[in-house]
Every structure is written in structure tokens, then in C-alpha cells.
There are 4 protein chains.
Amino acid sequence: MRNGVKWRRLPEERPQQILEAAFEVFGEHGLAGARLEDIARRAGVAKGTIYLYFPNKEALFKEMIRQTVIAHLERSERDFVADRGASATDQLRDYMRGLWSLTRSPAYQVVMRLVIAELQRFPELMAFYWDEVVSRKRQFLDRLFRRGIEAGEFRPIDPHVAGRMMASMFAMHALWVSSGVCAPTPPTTDEELFEQLTDFFFHAVAPVGAIAPGSA
Amino acid sequence: MRNGVKWRRLPEERPQQILEAAFEVFGEHGLAGARLEDIARRAGVAKGTIYLYFPNKEALFKEMIRQTVIAHLERSERDFVADRGASATDQLRDYMRGLWSLTRSPAYQVVMRLVIAELQRFPELMAFYWDEVVSRKRQFLDRLFRRGIEAGEFRPIDPHVAGRMMASMFAMHALWVSSGVCAPTPPTTDEELFEQLTDFFFHAVAPVGAIAPGSA
Amino acid sequence: MRNGVKWRRLPEERPQQILEAAFEVFGEHGLAGARLEDIARRAGVAKGTIYLYFPNKEALFKEMIRQTVIAHLERSERDFVADRGASATDQLRDYMRGLWSLTRSPAYQVVMRLVIAELQRFPELMAFYWDEVVSRKRQFLDRLFRRGIEAGEFRPIDPHVAGRMMASMFAMHALWVSSGVCAPTPPTTDEELFEQLTDFFFHAVAPVGAIAPGSA
Amino acid sequence: MRNGVKWRRLPEERPQQILEAAFEVFGEHGLAGARLEDIARRAGVAKGTIYLYFPNKEALFKEMIRQTVIAHLERSERDFVADRGASATDQLRDYMRGLWSLTRSPAYQVVMRLVIAELQRFPELMAFYWDEVVSRKRQFLDRLFRRGIEAGEFRPIDPHVAGRMMASMFAMHALWVSSGVCAPTPPTTDEELFEQLTDFFFHAVAPVGAIAPGSA
DNA sequence: TATGAATGAGCGTTCATTCAT
DNA sequence: TATGAATGAACGCTCATTCAT
């Protein structure tokens with residue numbers, strides 16, 4: 001049959017194919033240092049082909065952000081609504097688990113590093129990230145923490161502050177894990193790292209005088 | 001006549017002069033974005049002069065790391081020895097205050113960002129950083145936390161974990177403050193940010209059932 | 001079923017269809033600035049289809065010249081023969097009116113501009129243009145002016161010169177009108193512009209001492 | 001002496017050197033078609049060197065306009081003031097002579113062609129040309145013609161119109177001379193062409209009933 | 001030692017042209 | 001005959017590095 005004749009990759013796969021190459025090359029050389037030529041070669045296409053699917057270099061990175069951080073955020077928001085019945089503590093622990101599994105994915109680690117390291121120099125990307133990620137995430141966590149505080153599950157901490165602390169701990173661990181700073185010396189397992197993070201956090205937000213609700 | 005010329009900077013000062021300019025320019029434009037021309041102009045020398053003292057752009061970056069991060073670590077260690085008489089809680093609070101003032105210095109923010117962004121690509125530098133900074137800092141915090149745990153000031157948390165959490169929170173805030181992610185929405189003062197960090201941390205390490213020792 | 005498809009344009013119309021689109025796009029973006037993609041889209045065909053009918057971009061341009069400038073010249077010659085009975089002054093005024101309405105047509109403005117801008121670089125086209133347009137038009141005007149001079153309607157000016165002056169004024173106004181240089185400052189109407197041109201020209205060729213014959 | 005050792009071109013000549021190359025290349029390939037690389041090679045410098053003296057391609061063209069059209073305009077304005085004693089007719093004839101000698105210079109012909117052909121596509125250049133040339137020239141000619149009309153040397157024609165007609169005739173002749181449209185067939189000398197232009201123009205603006213004042 | 005004019009490889013991006021379908 | 005995804009050479013512009021002075 002005519003079928004077997006050509007086995008090139010299907011056109012529908014092209015954007016994902018390019019994106020995956022971009023993930024790798026951005027990860028290795030940074031946002032500014034990555035060369036479109038390398039991304040193209042790694043994706044197995046010509047330089048011009050990239051521009052059939054993405055208007056420019058920044059758009060590639062935007063899409064990377066969408067597929068990792070924003071996708072996760074949307075999942076979290078859906079879960080939050082679906083899990084309305086659960087306690088804030090349980091909801092938070094679920095959220096943290098999702099965040100942690102994201103944290104361990106190379107794609108997210110790359111994105112985080114680039115966001116921290118280079119986003120400043122790309123004002124349009126910075127604005128995008130701020131609107132689509134930072135403020136949205138903040139809203140989400142606000143609602144979560146407020147619920148827990150009102151239910152007496154957490155001490156009356158400023159929800160913004162709680163959110164910022166959690167984000168800082170997870171983000172930094174993403175960076176450390178990816179750059180090997182975390183792993184080497186204490187041969188801690190991923191699961192142990194997660195336990196340490198949640199345990200620490202739940203102690204920090206536990207009602208004063210109570211047993212930390214998250215550690216059981 | 002020729003005498004008035006004495007007022008130029010001495011040739012021996014040249015490297016430091018260049019390094020200071022590099023600091024500023026790297027801080028403003030990042031490693032890749034910094035232009036040798038700008039550094040030269042800011043240092044008051046010609047572009048070619050830089051190459052008399054540093055073989056290339058990278059070398060400038062390496063020297064920057066040495067002069068900032070290591071220098072700070074040595075200061076911390078000296079202070080720790082000098083404060084031996086105080087409680088672990090007080091010592092920790094003092095250390096945090098020092099760390100926070102460092103965190104707010106542009107120099108540290110620059111180095112943190114560049115370390116996160118670029119260190120991976122220089123394995124030799126990464127090793128250097130690991131030995132001279134990461135493990136040394138870890139030892140230092142270990143001793144501090146162990147003291148506090150033994151005295152019952154802190155709950156029996158793994159000292160490594162406590163150190164890692166603290167470092168992650170402060171490091172991330174350094175990055176956020178410098179890139180404006182922290183500041184905008186809640187018009188929080190620097191001092192308030194510091195209070196939030198210490199309050200959060202002391203709650204997390206407080207002996208269970210006790211009032212958080214750090215919050216007063 | 002398959003029947004409704006009959007409503008597509010016929011294949012025989014394809015070249016004209018493409019040419020019309022080329023006209024518009026060349027007019028808007030110039031020869032170098034026009035993108036084949038735009039022409040294809042505007043013609044309602046795919047990019048590749050253009051290459052079935054024209055070997056390259058240049059060929060499109062050549063064909064455009066043929067369809068506009070030559071076509072007009074032939075119309076002028078026919079009208080001249082048909083109007084044999086009128087005075088030279090009337091014939092000239094009629095010709096000028098026709099020239100002016102041509103001058104205002106976007107197609108002519110486009111061709112004029114492209115001829116000025118690009119013809120030099122295609123010697124073969126330049127020769128073609130010279131033979132088929134320039135010298136033919138000159139002959140035509142020569143006859144017209146000679147008639148007027150012999151009849152005492154115009155002063156004894158060199159007919160070549162009169163023709164050249166007229167052509168220069170109209171051509172330049174075509175270019176100016178199309179590029180907006182003429183319009184802005186004095187909000188002159190098209191009709192006024194035409195009056196100014198003819199009035200000026202008839203004064204210039206009026207018998208010395210006489211009232212300019214064209215202004216009434 | 002050390003003098004004879006190196007005879008490279010002096011740095012002070014560089015801008016003019018580049019500009020002359022640009023003149024040639026723009027003339028041959030147009031504004032959009034000219035390649036910086038060609039200009040550099042023709043000037044005997046490297047591509048980057050151009051950018052030491054001109055911020056971009058457009059600036060090269062701006063400077064070309066300045067050295068030809070604007071320089072001439074400024075000369076004309078100075079002469080106008082210096083010649084206050086002369087009749088408007090004499091002043092105009094002097095101006096025309098200057099304009100005609102400009103018209104014959106290859107540089108001016110190139111500039112005119114590019115202005116006509118391509119300026120539309122470079123809006124910033126168009127604005128520059130409009131402000132620095134078109135409106136300034138218009139003012140200048142307005143004053144000149146108004147003087148002549150008030151003194152009864154010219155018929156009461158709208159000064160704007162007279163200026164526009166003159167400009168159109170000279171401009172078009174510049175384009176024709178440069179592209180060979182004017183020259184070939186009637187082997188007219190440059191001087192004769194000039195006489196034809198002035199004679200035609202002075203007849204057109206002569207007081208009705210009078211002998212054309214410019215023709216002698 | 002110090003200069004800064006000069007270099008040219010390299011970048012992101014565009015688009016005329018090709019060719020498998 | 002018609003498509004449009006894919007190509008890749010070419011462009012304007014930048015800037016780390018060199019080198020004659």
C-alpha cells in the first residue's frame with residue numbers, strides 16, 4: 001500500500017517537536033543564548049520552519065510557560081473547585097503534591113531558571129508572566145489560605161505571605177534540584193524532600209499552641 | 001606641568017575599577033546583555049584596556065563571584081564566633097538580619113541571579129561554588145540549629161532541612177525583590193518583608209505546642 | 001454534490017486574476033516590498049500556483065507594464081484619429097483631460113512609480129518601454145503641437161519641448177498625488193489641480209502678446 | 001620619517017568615503033535593494049565600520065539628502081538674501097541655474113529617483129524629507145514668486161502653483177536625464193535643455209499681453 | 001601601558017522558490 | 001492543475017575581540 005512509502009513526521013506534530021527542541025536548547029544555553037538554528041536542527045527542521053508555527057523566539061518561551069506553569073495552574077484551579085468538600089489542609093496538601101511533581105519535571109526546572117535569570121531583560125515576557133502566572137497564582141492561593149484560616153485550620157497569617165513563602169520554597173527547590181545543589185550531599189529521596197517541605201510549611205502555618213495539622 | 005597628572009587613578013587600581021563597573025553593568029543587563037563598551041566607559045578606561053587585565057568577559061564574572069559571595073561568608077563566620085554567648089534564637093535572628101541586609105544589596109542580588117542563571121555552564125566554577133559556599137554555609141547553619149534544638153529553643157527538626165528552607169526563602173526573596181516581583185502589589189516595606197520571613201520561619205521551627213519563640 | 005464546485009473561477013482566468021492581485025500589492029508595497037504570499041492570497045490561489053503561470057516575480061512586473069501603459073497609448077491614438085475635426089487647442093485640452101484622469105488612476109501611478117524606480121535595472125524592458133511608449137507618445141504629441149503652431153493657436157515652440165514639458169508636469173503630478181506630496185498643505189481638489197496644470201501650460205504656449213488661449 | 005610608513009586613508013575621511021559608496025550602490029540597487037555589505041566593500045571598510053558613523057541604513061540616505069538637496073536649498077536661501085537688490089526675474093533665473101546644475105549631478109539624480117520611488121515605504125524618511133525639503137522649499141519659492149508678482153514682473157499666478165510646476169519640470173528632467181530618457185533621440189545639449197526649461201517657464205508666468213520677460 | 005577604530009562572525013527574522021502530495 | 005509546508009540564502013544590525021598607534 002501507498003502507506004509505507006514515506007515515514008516523515010506528521011505535520012501536526014511539528015509544533016510540539018519544535019517545542020521539545022526549544023526546551024532542551026533553552027535549558028542548555030538560556031533564553032538569550034539559545035540559537036534558533038540549534039533549535040531547528042535539534043527538531044529536525046529548517047530554521048524558517050520554526051516561523052511557520054511561532055512568530056518569534058519569545059513566543060516559543062511563552063508556549064513553554066503555558067505548557068508547564070499555566071497548565072498546572074489551571075489543573076489546580078479545577079481541582080480546587082472539584083474538591084470543595086475537602087478540608088483546606090487536605091486541599092493544600094494535594095496542591096503541594098501537584099506542585100512538587102511539577103517541580104521535579106525538567107521542563108519546569110528550565111522554565112523556572114529562565115524566569116528567574118533572564119525574564120527581566122524581556123519586558124514583554126515579564127508582563128505576560130506576571131499577568132498569566134504570578135497574579136493568578138496569588139489569587140488562587142489567597143482563596144485557599146483564607147478558607148483554611150477561617151476554618152481555624154491555619155493560624156491567622158496574611159494569606160499573601162503564606163503564599164509567597166510556599167512559592168519561594170518550592171521554586172528554589174526546583175532550581176536546586178535541577179542544578180544539583182540539593183541532591184548530592186544528603187542522599188535524600190524525592191519523596192523525603194517533599195515531606196520536608198510540607199512538614200516545614202504546615203508547622204509554620206499551624207494554629208499556635210496546636211499540633212501542626214499537616215504532620216501526622 | 002606633568003605633575004598634575006598624578007591625580008589619575010593609579011594603574012594598580014585598574015582591575016578593581018573595572019570590576020566595579022562590571023558589577024553595575026552585569027546587574028543592569030545580565031551576563032549576556034552586558035556590553036564591554038559600557039563596562040569600559042563606566043570604569044573610565046578604553047575597551048581595549050579591559051583585555052590587559054582580564055582575558056575575556058567570563059573571567060570578569062568569575063572574579064565577581066569571588067569578591068562577593070565568599071567575602072560575605074567569611075564575615076558571617078567571624079560574627080558567629082564573636083557572638084558565642086547569645087541564645088541560638090538571638091543568634092539566628094542576628095544572622096537573619098545580616099542575611100536580609102545582604103539580600104537587599106544589589107551586589108548580592110546580581111550574584112544570586114547570575115549563579116542561578118549561568119553557573120551550570122561552568123562546571124569548574126560550580127565545583128568551586130559548591131565547596132567554598134554551599135557546604136561551608138551548611139556547616140555553619142548546622143551548628144547554629146543544633147545548638148537551638150539541644151537547648152529546646154527549636155523543635156527537633158533536621159538541621160539540614162531547616163537551613164535549606166531558610167536559605168530558599170531568603171534567596172528567592174533576593175531574586176524577587178531585585179526583579180520587582182515582590183514589591184508591586186502589596187506595598188510592603190523592606191522591614192515588613194523581613195518580619196514576615198522571620199515570623200514565618202520561627203513559627204515553623206518553634207517547639208510544638210509552644211508560642212513561636214521568635215515572634216514578639 | 002461535486003456539482004457546486006463549478007462556481008470556482010475558471011482556470012483560464014487564473015493569470016489575469018493573479019495579475020490583478022499583483023497590481024494591488026505592488027501598488028501598496030512596491031516591487032521589492034511586495035510579497036508573493038500576499039499576491040497569492042489576494043488572488044485567491046496558493047503561492048505555488050503563481051509559478052505555474054509566471055516564472056518569477058519580475059515577469060509579473062513586465063506583464064503589468066504591458067497591460068497598462070501600452071493599453072492606454074493605444075486608446076489615445078484611436079481617440080486622436082477620431083477627433084480630427086476639432087481645433088488643436090480643443091484636442092489638446094481633451095488629451096490633457098484624458099491624461100489627467102489616467103494620472104489619477106492608481107494603476108497608472110503604480111506603473112509610473114515602478115518605471116521610474118526599477119526600469120533601469122532591466123535593460124531589455126527599458127528598450128521595450130522606449131520603443132513602445134516614449135517614442136510613440138512623442139510622435140503623437142509632435143503631430144498635435146505642430147498642428148496648433150501652424151494654425152497660430154500656439155507660439156512657435158519646439159513641439160518636442162512642449163511635449164516634454166507637458167509630460168513632465170503630468171507625470172510628476174501623478175507621482176506626487178499618489179505619494180501624498182501634493183495633497184496635504186493646500187487642500188486643492190483634483191479638478192483644481194487639473195485647472196492649474198492646463199492654465200499654466202496654455203499660458204506657456206500661448207502666442208506672445210495674446211491672451212492665453214486655454215484660459216477662459 | 002615615520003610619515004611614509006602607512007598610507008591608509010585617514011579616519012576623518014571615513015564618513016565621506018562610506019557616503020560615496022552608498023551613493024553608488026543606492027543608485028544601482030535602490031534604497032531597499034542596496035546591501036550594506038556592498039556599500040562597505042565598495043568603501044573599502046568592513047560592514048561594522050559603517051555603524052561607527054551612521055546608526056542605520058536610513059541615516060545614510062538622510063545624509064545623502066542633506067549633502068545634495070538641503071545643501072542646495074540653504075545655498076539658495078543665502079543667495080536670495082544676498083541678492084535682495086536684483087529683480088525677481090533675475091533672482092529666479094539664478095535660482096533655476098543652480099537647480100539645473102544640481103539636476104545634472106549624478107548624486108541628485110539618484111536622490112530624486114529614490115525619493116520618488118521608495119520614500120513612501122520608509123515613513124520616517126518621508127517625514128524627514130517633507131519637513132526638511134518640501135515645506136522649506138515651498139516657503140522659499142513662495143517668497144520669490146510673491147515678490148515678482150507684486151513688482152508686476154509675473155502675472156498674478158498662485159505662488160504655490162508656480163512653485164509646483166517648476167519643481168515638477170526640473171525633477172522630472174533630473175529623472176529622465178539620469179535614466180537616459182531625455183538624452184538619446186534629440187541630441188540636445190545640457191545648456192539647450194536648460195534654456196528650454198527657463199524659456200517655457202517664463203512664458204508661463206509672464207504678465208498676459210507682455211513679452212515673456214525671461215526670454216531674451 | 002593605554003587607546004579606540006576596525007573587524008567579521010553571528011544573531012533573529014524574512015520570503016522567493018521548490019516539491020511531495 | 002493546484003497546494004502549502006518546507007526550505008535556506010540573504011538581510012540589517014550587534015558586539016566581543018584585535019591591533020596599529
# chains A, B, ... in the order shown; residues from 1 in each chain; ligands from 1
>>> calpha_fit_rmsd(fixed="chain C", moving="chain A")
1.8 Å
>>> residues_around(residues="stretch 138-152 of chain D", least_positions_apart="4", cutoff="8 Å", atoms="only C-alpha atoms (C1' of nucleotides)", output="JSON list (two decimals) with C-alpha atoms, in the first residue's frame")
[["chain", "number", "residue", "atom", "x", "y", "z"],
["D", 77, "GLU", "CA", 18.26, 80.82, 0.73],
["D", 87, "SER", "CA", 14.82, 91.83, -9.85],
["D", 88, "ALA", "CA", 12.67, 88.79, -9.06],
["D", 89, "THR", "CA", 13.19, 87.67, -12.63],
["D", 91, "GLN", "CA", 16.76, 86.04, -8.89],
["D", 92, "LEU", "CA", 14.57, 83.32, -10.29],
["D", 134, "VAL", "CA", 9.33, 70.07, 0.69],
["D", 156, "PRO", "CA", -0.84, 87.08, -10.70],
["D", 157, "ILE", "CA", -0.46, 83.34, -10.51],
["D", 159, "PRO", "CA", 2.77, 81.23, -5.99],
["D", 160, "HIS", "CA", 2.24, 77.68, -4.77],
["D", 162, "ALA", "CA", 4.12, 78.30, -9.93],
["D", 163, "GLY", "CA", 6.48, 76.64, -7.48],
["D", 207, "PRO", "CA", 2.15, 89.04, -17.49]]
>>> closest_atom_pairs(of="chain A", to="chain E", cutoff="9 Å", atoms="only C-alpha atoms (C1' of nucleotides)", output="JSON lines")
{"residue": "A:Arg35", "atom": "CA", "partner": "E:DC11", "partner_atom": "C1'", "distance": 7.8}
{"residue": "A:Leu36", "atom": "CA", "partner": "E:DG12", "partner_atom": "C1'", "distance": 7.7}
{"residue": "A:Gly48", "atom": "CA", "partner": "E:DT14", "partner_atom": "C1'", "distance": 8.6}
{"residue": "A:Tyr51", "atom": "CA", "partner": "E:DT13", "partner_atom": "C1'", "distance": 8.5}
{"residue": "A:Asn56", "atom": "CA", "partner": "E:DT13", "partner_atom": "C1'", "distance": 8.1}
{"residue": "A:Lys57", "atom": "CA", "partner": "E:DG12", "partner_atom": "C1'", "distance": 8.1}
>>> write_last_selection(atoms="C-alpha atoms", output="short mmCIF file (atom, residue, chain, number, x, y, z; two decimals), in the first residue's frame")
data_model
loop_
_atom_site.label_atom_id
_atom_site.label_comp_id
_atom_site.auth_asym_id
_atom_site.auth_seq_id
_atom_site.Cartn_x
_atom_site.Cartn_y
_atom_site.Cartn_z
CA ARG A 35 20.19 29.91 18.89
CA LEU A 36 17.17 29.36 16.67
CA GLY A 48 12.46 29.01 8.62
CA TYR A 51 8.49 30.68 11.96
CA ASN A 56 9.42 34.64 17.24
CA LYS A 57 11.77 33.35 19.88
#
>>> interface_residues(of="chain C", to="chain F", cutoff="9 Å", atoms="only C-alpha atoms (C1' of nucleotides)", output="number ranges by chain")
C: 11, 45-49, 52
>>> residues_around(residues="D:Arg121", least_positions_apart="6", cutoff="12 Å", atoms="only C-alpha atoms (C1' of nucleotides)", output="mmCIF file with C-alpha atoms, in the first residue's frame")
data_model
loop_
_atom_site.group_PDB
_atom_site.id
_atom_site.type_symbol
_atom_site.label_atom_id
_atom_site.label_comp_id
_atom_site.auth_asym_id
_atom_site.auth_seq_id
_atom_site.Cartn_x
_atom_site.Cartn_y
_atom_site.Cartn_z
ATOM 1 C CA PHE C 26 2.855 46.187 -5.998
ATOM 2 C CA GLY C 27 0.992 49.452 -5.670
ATOM 3 C CA GLU C 28 0.910 49.203 -1.942
ATOM 4 C CA HIS C 29 4.361 47.860 -1.248
ATOM 5 C CA GLY C 30 6.471 48.474 -4.321
ATOM 6 C CA LEU C 31 8.275 45.890 -6.354
ATOM 7 C CA ALA C 32 10.760 44.838 -3.740
ATOM 8 C CA GLY C 33 8.318 45.138 -0.874
ATOM 9 C CA ALA C 34 5.541 43.065 -2.412
ATOM 10 C CA SER C 179 2.519 59.668 -2.677
ATOM 11 C CA LEU D 31 17.093 52.048 -1.315
ATOM 12 C CA ALA D 32 15.635 48.701 -0.327
ATOM 13 C CA GLU D 58 18.182 55.200 6.595
ATOM 14 C CA LEU D 114 14.866 57.159 -4.631
ATOM 15 C CA VAL D 115 12.651 59.838 -3.160
ATOM 16 C CA ALA D 127 8.581 62.752 7.263
#
>>> residues_around(residues="A:Met96", least_positions_apart="6", cutoff="9 Å", atoms="only C-alpha atoms (C1' of nucleotides)", output="list in words")
Met166, Phe170, Phe194 and Thr198 of chain A
>>> atom_distance(atom1="atom CA of A:Leu197", atom2="atom CA of A:His173")
9.3 Å
>>> interface_residues(of="chain C", to="chain D", cutoff="7 Å", atoms="only C-alpha atoms", output="PyMOL selection string")
chain C and resi 29+113-114+116-117+120+161+165+168-169+172+179+196+200-201+203-204+208-211
>>> atom_distance(atom1="atom CA of B:Leu102", atom2="atom CA of B:Asp90")
18.3 Å
>>> select_by_dssp(residues="stretch 4-184 of chain B", states="alpha helix (DSSP H)", output="ChimeraX atom specification")
/B:14-33,36-43,47-53,57-65,71-82,88-104,106-118,123-129,135-150,159-179
>>> residues_around(residues="D:Ala21", least_positions_apart="3", cutoff="7 Å", atoms="only C-alpha atoms (C1' of nucleotides)", output="PyMOL selection string")
chain D and resi 17-18+24-25+39+42-43
